[in-house]
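Colleague: Quick one: this structure, given as structure tokens, is what I'll be asking you about.
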2 protein chains.
Amino acid sequence: MNKWYENTESNNDVVLSTRIRFARNLEDYPFPCRLDAQGREKVCHAVRDAFSDVSGLKLKYIEMQDLTEKQAVALAERHLISPDFAVPAKGRALLLSDDESISIMLCEEDHIRIQVIKSGLDFEGAFKLADDIDNLLDSKLKYAFDERIGYLTQCPTNLGTGMRASVMMHLPALTKCNQISKLASTISKLGLTLRGTYGEGTSAKGDIFQLSNQVSLGISERAALDNLKAITMQIATQERTAGEEFVKNVNVLDRITRAYGILSSAKLLSTDEMLELFSWVRLGAMYNIIDADIAKLNELTETMQAATLSCSKGEDLTSDKRDEIRAEAVKQALKK
Amino acid sequence: MNKWYENTESNNDVVLSTRIRFARNLEDYPFPCRLDAQGREKVCHAVRDAFSDVSGLKLKYIEMQDLTEKQAVALAERHLISPDFAVPAKGRALLLSDDESISIMLCEEDHIRIQVIKSGLDFEGAFKLADDIDNLLDSKLKYAFDERIGYLTQCPTNLGTGMRASVMMHLPALTKCNQISKLASTISKLGLTLRGTYGEGTSAKGDIFQLSNQVSLGISERAALDNLKAITMQIATQERTAGEEFVKNVNVLDRITRAYGILSSAKLLSTDEMLELFSWVRLGAMYNIIDADIAKLNELTETMQAATLSCSKGEDLTSDKRDEIRAEAVKQALKK
């Protein structure tokens with residue numbers, strides 16, 4: 001089965017992927033931080049069992065303690081779990097669809113964290129799927145819900161809808177023209193956050209940023225999504241306007257064609273360099289300066305990360321060996 | 001007519017070119033530094049006239065004062081005149097063959113500086129041609145010659161044979177493995193000098209070094225050449241031995257293939273970067289890691305230098321424009 005990032009249909013020039021996350025808790029159990037391993041296991045099993053007789057939705061049940069550290073880190077690299085969740089602990093589990101578009105963390109900060117990823121800009125698709133899963137669980141389990149406040153969550157910032165919606169945006173021109181910090185400060189005034197690839201406090205590798213809603217209390221899912229979508233489109237327009245001017249510069253053209261040249265010829269490639277060069281190549285492809293299969297780059301962005309690569313080869317690869325395999329995979333991908 | 005650097009027959013892996021230079025002076029005139037412009041002009045005309053009835057040897061007579069600064073610098077870039085000779089002054093002239101293998105500076109430090117360049121390792125060919133020209137002039141002009149000392153020259157370091165022989169050597173492995181300074185110090189003990197591309201005190205651009213004899217007094221031309229040739233071969237062997245080991249390293253392979261990738265894709269290329277990347281590509285070609293037309297690179301090394309490029313386009317090109325033309329020319333050359 002294709003992974004979500006292999007889906008090229010809704011591929012988009014600026015928006016790489018759309019994500020919806022719901023935080024949910026069960027009424028009959030204290031929050032995970034107040035549960036011992038046995039208690040957490042009970043929650044995990046309860047949620048797992050809720051899916052047992054559902055046809056048409058196949059989810060793998062993975063107990064986090066069964067994974068090696070590398071396997072857990074690989075899941076975090078692909079944004080399927082939070083980095084905190086990759087730390088081994090009993091009584092934590094993950095429900096994961098084959099295409100990796102649905103991942104449900106059990107007993108992370110909340111009992112249930114439903115996440116849906118769709119490639120490109122697709123709030124409707126992502127929300128619909130997350131909502132379906134949410135309704136299904138709601139029909140079988142008793143959510144902690146308050147009529148006035150909404151869904152109850154461990155952290156007050158998630159109260160209300162419990163929804164965090166986000167898009168991964170590739171903003172090369174705005175980044176390279178130093179317009180991001182101004183943009184981020186404007187955005188924060190609109191109740192949204194623009195931050196690095198792996199969330200708060202992380203840098204934006206390959207000029208890829210995460211734009212997400214901040215407020216989940218006192219605003220409906222629909223209103224939050226409409227707001228986020230409108231701002232996403234606005235930023236995309238800003239990026240395109242900046243980009244159009246930017247690529248007229250011969251120095252920029254040079255960076256773009258060199259990036260392609262290096263990716264097509266290197267024998268060693270670190271993840272950071274790959275992402276930095278991908279950024280130039282994506283930029284070039286956006287303006288038809290070079291011909292590159294962007295969907296393939298998106299896929300490699302996920303699969304060529306350190307732990308994911310080691311896991312897929314079933315070996316504990318050295319950094320040098322990974323750099324070699326990565327370089328070769330990228331070269332082959334650009335050839336096609 | 002092909003330039004000497006377009007001659008691919010005697011192309012060599014380590015030795016790019018061979019040069020012979022004779023310093024000569026006329027008995028009837030003081031050294032150039034003691035002559036006024038009129039006196040220098042007389043010397044220039046006397047030498048020019050000596051060639052007038054020689055068939056089979058066509059030399060252009062160029063008065064240095066007729067050249068623009070750029071044209072003069074372009075000649076120095078291609079080693080056809082010394083950098084000092086590019087400074088405009090009356091009473092200086094150059095005799096130049098169409099293929100640029102013969103260049104005779106008139107009233108530089110000495111009255112006559114005969115230079116012959118041959119591509120690859122070719123002491124015999126270069127010496128034979130320089131010697132023929134020398135004999136021709138000797139038969140028509142009266143050289144300043146002392147039975148005991150030999151040819152008289154302004155600078156005592158040229159007394160004796162007045163001959164300076166040199167080879168341009170590409171020493172990438174020895175350079176990148178930091179073995180050059182040790183080598184240079186050993187060589188200086190053997191009466192030879194290893195120095196940068198443009199002679200004393202210059203850096204070695206693209207890992208290209210000039211190896212030359214230091215002593216012209218008390219040693220015959222033949223003995224000096226035999227000595228120089230033996231050391232040249234020895235250094236070439238050292239380079240090959242170092243190179244064979246060096247290219248086994250995947251980091252080195254990476255640098256080689258990237259260099260080729262960048263040269264094949266860049267939109268802008270400075271002379272320094274071009275020479276640095278050429279060095280990696282030559283290294284790769286030496287060990288069949290990549291397929292590149294080295295003779296073409298040798299040609300571009302000459303023709304793509306700043307002033308030479310501007311002169312060939314007949315325009316006063318900006319640095320950016322030159323970088324663009326250079327990048328395009330290199331890309332086209334690698335395609336073939």
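Each chain of the structure tokens is named A, B, ... in the order shown, its residues numbered from 1; ligands are numbered from 1 in display order.
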Find the nearest atom pair between each residue of chain A and chain B for residues within 12 Å, count only C-alpha atoms, give distances in Å to one decimal, sort rows by chain and ascending number, and present the table as a Markdown table.
Modeller:
| residue | atom | partner | partner_atom | distance |
| --- | --- | --- | --- | --- |
| A:Asn249 | CA | B:Lys267 | CA | 10.8 |
| A:Val250 | CA | B:Lys267 | CA | 7.2 |
| A:Asn251 | CA | B:Leu268 | CA | 7.2 |
| A:Val252 | CA | B:Lys267 | CA | 9.2 |
| A:Leu253 | CA | B:Lys267 | CA | 6.7 |
| A:Asp254 | CA | B:Lys267 | CA | 4.5 |
| A:Arg255 | CA | B:Ala266 | CA | 7.5 |
| A:Ile256 | CA | B:Ala266 | CA | 8.5 |
| A:Thr257 | CA | B:Ser265 | CA | 5.4 |
| A:Arg258 | CA | B:Ala266 | CA | 5.1 |
| A:Ala259 | CA | B:Ile262 | CA | 8.2 |
| A:Tyr260 | CA | B:Ser265 | CA | 7.4 |
| A:Gly261 | CA | B:Gly261 | CA | 4.5 |
| A:Ile262 | CA | B:Gly261 | CA | 5.4 |
| A:Leu263 | CA | B:Gly261 | CA | 8.2 |
| A:Ser264 | CA | B:Gly261 | CA | 6.8 |
| A:Ser265 | CA | B:Gly261 | CA | 5.3 |
| A:Ala266 | CA | B:Arg258 | CA | 5.1 |
| A:Lys267 | CA | B:Asp254 | CA | 4.5 |
| A:Leu268 | CA | B:Asp254 | CA | 5.9 |
| A:Leu269 | CA | B:Asp254 | CA | 9.0 |
| A:Ile289 | CA | B:Lys267 | CA | 11.8 |
| A:Ile290 | CA | B:Ser265 | CA | 10.8 |
| A:Asp320 | CA | B:Val250 | CA | 9.0 |
| A:Lys321 | CA | B:Val250 | CA | 10.1 |
| A:Asp323 | CA | B:Val250 | CA | 10.5 |
| A:Glu324 | CA | B:Val250 | CA | 8.7 |
| A:Ala327 | CA | B:Asp254 | CA | 9.6 |
| A:Glu328 | CA | B:Asp254 | CA | 11.3 |
| A:Lys331 | CA | B:Gly261 | CA | 11.2 |
Colleague: With N, CA, C and O atoms retained, could you export that selection as a tab-separated table (two decimals), in the first residue's frame?
Modeller:
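Writing the result to result-v1.tsv gives the following:
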chain	number	residue	atom	x	y	z
A	249	ASN	N	16.87	36.37	-10.14
A	249	ASN	CA	18.26	36.66	-9.83
A	249	ASN	C	19.15	35.49	-10.30
A	249	ASN	O	18.89	34.33	-10.00
A	250	VAL	N	20.20	35.82	-11.03
A	250	VAL	CA	21.06	34.76	-11.58
A	250	VAL	C	21.77	33.97	-10.48
A	250	VAL	O	22.05	32.79	-10.62
A	251	ASN	N	22.03	34.64	-9.35
A	251	ASN	CA	22.64	33.93	-8.23
A	251	ASN	C	21.71	32.86	-7.68
A	251	ASN	O	22.15	31.81	-7.22
A	252	VAL	N	20.41	33.16	-7.72
A	252	VAL	CA	19.42	32.19	-7.24
A	252	VAL	C	19.32	31.03	-8.25
A	252	VAL	O	19.31	29.86	-7.86
A	253	LEU	N	19.28	31.37	-9.53
A	253	LEU	CA	19.28	30.33	-10.56
A	253	LEU	C	20.48	29.40	-10.39
A	253	LEU	O	20.37	28.19	-10.49
A	254	ASP	N	21.60	30.03	-10.12
A	254	ASP	CA	22.84	29.27	-9.92
A	254	ASP	C	22.69	28.30	-8.75
A	254	ASP	O	23.07	27.13	-8.84
A	255	ARG	N	22.13	28.79	-7.64
A	255	ARG	CA	21.94	27.92	-6.46
A	255	ARG	C	21.01	26.76	-6.78
A	255	ARG	O	21.22	25.63	-6.35
A	256	ILE	N	19.98	27.06	-7.56
A	256	ILE	CA	19.00	26.03	-7.92
A	256	ILE	C	19.63	24.95	-8.80
A	256	ILE	O	19.53	23.75	-8.52
A	257	THR	N	20.32	25.39	-9.85
A	257	THR	CA	20.89	24.39	-10.77
A	257	THR	C	22.03	23.62	-10.11
A	257	THR	O	22.21	22.43	-10.34
A	258	ARG	N	22.80	24.30	-9.24
A	258	ARG	CA	23.85	23.60	-8.51
A	258	ARG	C	23.27	22.56	-7.56
A	258	ARG	O	23.83	21.47	-7.41
A	259	ALA	N	22.18	22.93	-6.89
A	259	ALA	CA	21.57	21.98	-5.95
A	259	ALA	C	21.21	20.70	-6.70
A	259	ALA	O	21.49	19.59	-6.26
A	260	TYR	N	20.62	20.90	-7.87
A	260	TYR	CA	20.25	19.75	-8.69
A	260	TYR	C	21.50	18.97	-9.11
A	260	TYR	O	21.52	17.74	-9.06
A	261	GLY	N	22.53	19.70	-9.50
A	261	GLY	CA	23.78	19.07	-9.92
A	261	GLY	C	24.42	18.27	-8.80
A	261	GLY	O	24.90	17.15	-9.02
A	262	ILE	N	24.41	18.81	-7.60
A	262	ILE	CA	25.03	18.10	-6.47
A	262	ILE	C	24.20	16.87	-6.11
A	262	ILE	O	24.74	15.79	-5.91
A	263	LEU	N	22.89	17.03	-6.05
A	263	LEU	CA	22.04	15.89	-5.72
A	263	LEU	C	22.18	14.77	-6.75
A	263	LEU	O	22.05	13.59	-6.43
A	264	SER	N	22.45	15.16	-8.00
A	264	SER	CA	22.58	14.16	-9.06
A	264	SER	C	23.95	13.51	-9.09
A	264	SER	O	24.17	12.56	-9.86
A	265	SER	N	24.89	14.01	-8.30
A	265	SER	CA	26.26	13.51	-8.45
A	265	SER	C	26.94	13.11	-7.15
A	265	SER	O	27.92	12.37	-7.19
A	266	ALA	N	26.44	13.57	-6.01
A	266	ALA	CA	27.14	13.31	-4.74
A	266	ALA	C	27.17	11.82	-4.43
A	266	ALA	O	26.28	11.07	-4.81
A	267	LYS	N	28.22	11.41	-3.74
A	267	LYS	CA	28.36	10.02	-3.28
A	267	LYS	C	27.97	9.93	-1.80
A	267	LYS	O	27.79	8.84	-1.28
A	268	LEU	N	27.95	11.08	-1.13
A	268	LEU	CA	27.59	11.15	0.28
A	268	LEU	C	26.63	12.31	0.47
A	268	LEU	O	26.83	13.37	-0.11
A	269	LEU	N	25.60	12.10	1.28
A	269	LEU	CA	24.60	13.15	1.47
A	269	LEU	C	24.01	13.02	2.86
A	269	LEU	O	23.40	12.00	3.18
A	289	ILE	N	12.13	26.01	-13.68
A	289	ILE	CA	13.54	26.23	-14.00
A	289	ILE	C	14.22	24.88	-14.19
A	289	ILE	O	15.08	24.72	-15.05
A	290	ILE	N	13.82	23.93	-13.38
A	290	ILE	CA	14.30	22.57	-13.58
A	290	ILE	C	13.11	21.63	-13.49
A	290	ILE	O	12.07	21.98	-12.94
A	320	ASP	N	28.08	7.24	7.87
A	320	ASP	CA	28.68	7.26	6.53
A	320	ASP	C	27.89	6.39	5.56
A	320	ASP	O	27.64	6.77	4.42
A	321	LYS	N	27.51	5.22	6.04
A	321	LYS	CA	26.79	4.27	5.19
A	321	LYS	C	25.42	4.86	4.82
A	321	LYS	O	24.98	4.75	3.67
A	323	ASP	N	24.70	8.01	4.64
A	323	ASP	CA	24.95	9.10	3.69
A	323	ASP	C	25.16	8.55	2.27
A	323	ASP	O	24.75	9.18	1.29
A	324	GLU	N	25.78	7.39	2.20
A	324	GLU	CA	26.00	6.77	0.89
A	324	GLU	C	24.69	6.28	0.27
A	324	GLU	O	24.42	6.53	-0.91
A	327	ALA	N	22.54	9.24	-0.76
A	327	ALA	CA	23.03	9.88	-2.00
A	327	ALA	C	22.61	9.06	-3.22
A	327	ALA	O	22.16	9.62	-4.23
A	328	GLU	N	22.74	7.75	-3.11
A	328	GLU	CA	22.42	6.88	-4.23
A	328	GLU	C	20.91	6.91	-4.52
A	328	GLU	O	20.49	7.00	-5.69
A	331	LYS	N	20.02	10.20	-6.15
A	331	LYS	CA	20.50	10.22	-7.54
A	331	LYS	C	19.56	9.44	-8.45
A	331	LYS	O	19.18	9.90	-9.52
Colleague: Find the spatial neighbours of Ala292 of chain B, counting only C-alpha atoms, within a cut-off of 12 Å - ignore same-chain residues fewer than 3 positions away - and output them as a PyMOL selection string.
Modeller: chain B and resi 256-257+259-261+263-264+278-289+295-298+330-336
Colleague: Set the distance at 10 Å and use only C-alpha atoms: which residues neighbour Gln115 of chain B once local chain neighbours fewer than 6 positions away are removed? I'd like the list as a ChimeraX atom specification.
Modeller: /B:19-23,79-81,96,100-105,126-127,129-130,133,163-165
Colleague: For the residues in that selection, give me N, CA, C and O atoms as a compact mmCIF listing (two decimals), in the first residue's frame.
Modeller:
# COMPACT_ATOMS: atom_id res chain seq x y z
N ARG B 19 57.86 24.14 -20.53
CA ARG B 19 58.26 25.45 -21.01
C ARG B 19 59.79 25.60 -20.99
O ARG B 19 60.44 25.15 -20.05
N ILE B 20 60.32 26.20 -22.04
CA ILE B 20 61.75 26.54 -22.07
C ILE B 20 61.86 28.04 -22.30
O ILE B 20 61.15 28.60 -23.15
N ARG B 21 62.72 28.67 -21.53
CA ARG B 21 62.92 30.10 -21.74
C ARG B 21 64.42 30.40 -21.78
O ARG B 21 65.18 29.92 -20.94
N PHE B 22 64.82 31.17 -22.82
CA PHE B 22 66.21 31.63 -22.89
C PHE B 22 66.25 33.14 -22.67
O PHE B 22 65.47 33.87 -23.29
N ALA B 23 67.16 33.58 -21.83
CA ALA B 23 67.40 35.02 -21.66
C ALA B 23 68.63 35.39 -22.48
O ALA B 23 69.68 34.76 -22.35
N HIS B 79 50.42 33.12 -19.63
CA HIS B 79 51.87 32.90 -19.46
C HIS B 79 52.67 33.26 -20.69
O HIS B 79 53.78 32.74 -20.87
N LEU B 80 52.15 34.11 -21.55
CA LEU B 80 52.88 34.48 -22.77
C LEU B 80 53.82 35.65 -22.51
O LEU B 80 54.78 35.86 -23.25
N ILE B 81 53.51 36.41 -21.47
CA ILE B 81 54.43 37.47 -21.02
C ILE B 81 54.46 37.40 -19.49
O ILE B 81 53.60 36.75 -18.88
N LEU B 96 54.96 36.84 -31.28
CA LEU B 96 54.08 35.76 -30.85
C LEU B 96 53.66 34.91 -32.04
O LEU B 96 53.22 35.43 -33.06
N GLU B 100 50.58 30.37 -30.22
CA GLU B 100 51.01 30.86 -28.92
C GLU B 100 52.03 29.95 -28.24
O GLU B 100 52.29 30.09 -27.05
N SER B 101 52.62 29.05 -29.01
CA SER B 101 53.65 28.20 -28.40
C SER B 101 54.99 28.93 -28.33
O SER B 101 55.83 28.62 -27.51
N ILE B 102 55.17 29.91 -29.19
CA ILE B 102 56.40 30.73 -29.16
C ILE B 102 56.04 32.16 -28.79
O ILE B 102 55.17 32.78 -29.41
N SER B 103 56.68 32.67 -27.76
CA SER B 103 56.50 34.09 -27.44
C SER B 103 57.86 34.65 -27.05
O SER B 103 58.60 34.04 -26.29
N ILE B 104 58.18 35.77 -27.64
CA ILE B 104 59.49 36.38 -27.40
C ILE B 104 59.28 37.80 -26.89
O ILE B 104 58.81 38.67 -27.62
N MET B 105 59.58 37.99 -25.61
CA MET B 105 59.46 39.33 -25.04
C MET B 105 60.72 40.13 -25.37
O MET B 105 61.83 39.64 -25.17
N ALA B 126 60.24 21.14 -26.83
CA ALA B 126 60.32 22.55 -26.45
C ALA B 126 61.74 23.07 -26.62
O ALA B 126 61.96 24.16 -27.15
N PHE B 127 62.71 22.25 -26.17
CA PHE B 127 64.10 22.71 -26.28
C PHE B 127 64.53 22.85 -27.73
O PHE B 127 65.16 23.84 -28.10
N LEU B 129 62.80 23.54 -30.39
CA LEU B 129 62.22 24.73 -31.02
C LEU B 129 62.88 26.01 -30.48
O LEU B 129 63.24 26.91 -31.25
N ALA B 130 63.05 26.07 -29.15
CA ALA B 130 63.69 27.26 -28.56
C ALA B 130 65.12 27.39 -29.07
O ALA B 130 65.59 28.50 -29.38
N ILE B 133 65.27 28.76 -32.65
CA ILE B 133 65.05 30.21 -32.67
C ILE B 133 66.30 30.93 -32.18
O ILE B 133 66.74 31.93 -32.75
N MET B 163 69.05 29.74 -19.45
CA MET B 163 67.87 28.89 -19.66
C MET B 163 67.10 28.65 -18.37
O MET B 163 67.66 28.35 -17.33
N ARG B 164 65.81 28.83 -18.46
CA ARG B 164 64.93 28.39 -17.38
C ARG B 164 63.96 27.40 -18.03
O ARG B 164 63.27 27.75 -19.00
N ALA B 165 63.97 26.17 -17.54
CA ALA B 165 63.04 25.16 -18.06
C ALA B 165 62.04 24.87 -16.96
O ALA B 165 62.37 24.90 -15.77
Colleague: Please report, as JSON, numbers by chain, each residue of segment 182-259 of chain A to which DSSP assigns strand (DSSP E) when run on this structure's backbone.
Modeller: {"A": [192, 193, 194, 195, 208, 209, 210, 211, 212, 213]}
Colleague: Work out how far atom CA of Met233 of chain B is from atom CA of Leu190 of chain B, in Å to one decimal.
Modeller: 14.3 Å
Colleague: Show me, as a list in words, the residues that have an atom within 8 Å of Gln238 of chain A when counting only C-alpha atoms, minus same-chain residues fewer than 4 positions from it.
Modeller: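 Returned residues: Leu174, Gln234 and Ala242 of chain A.
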Colleague: To one decimal place in Å, what is the distance between atom CA of Val15 of chain B and atom CA of Gly56 of chain B?
Modeller: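 So the answer is 28.7 Å.
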Colleague: Taking only C-alpha atoms into account, name the residue in A:Val47, A:Ala144, A:Val54, A:Ala329 that is nearest to Ile114 of chain A.
Modeller: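 Checking each candidate against Ile114 of chain A, we get A:Val47 as the closest.
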Colleague: To one decimal place, how far is atom CA of Phe145 of chain A from atom CA of Asp28 of chain A in Å?
Modeller: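 Here the two named atoms are 11.4 Å from each other.
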Colleague: Give me, as a VMD selection string, the residues of segment 115-283 of chain B that a backbone DSSP run labels helix (DSSP H, G or I).
Modeller: chain B and resid 123 to 140 156 to 158 172 to 176 180 to 188 205 to 207 221 to 246 250 to 263 271 to 283
Colleague: Between A:Glu239, A:Asp146, A:Ala224, A:Ser166, which one has atoms that come closest to Ile180 of chain A, using only C-alpha atoms?
Modeller: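 With only C-alpha atoms as the atom set, the closest residue is A:Glu239.
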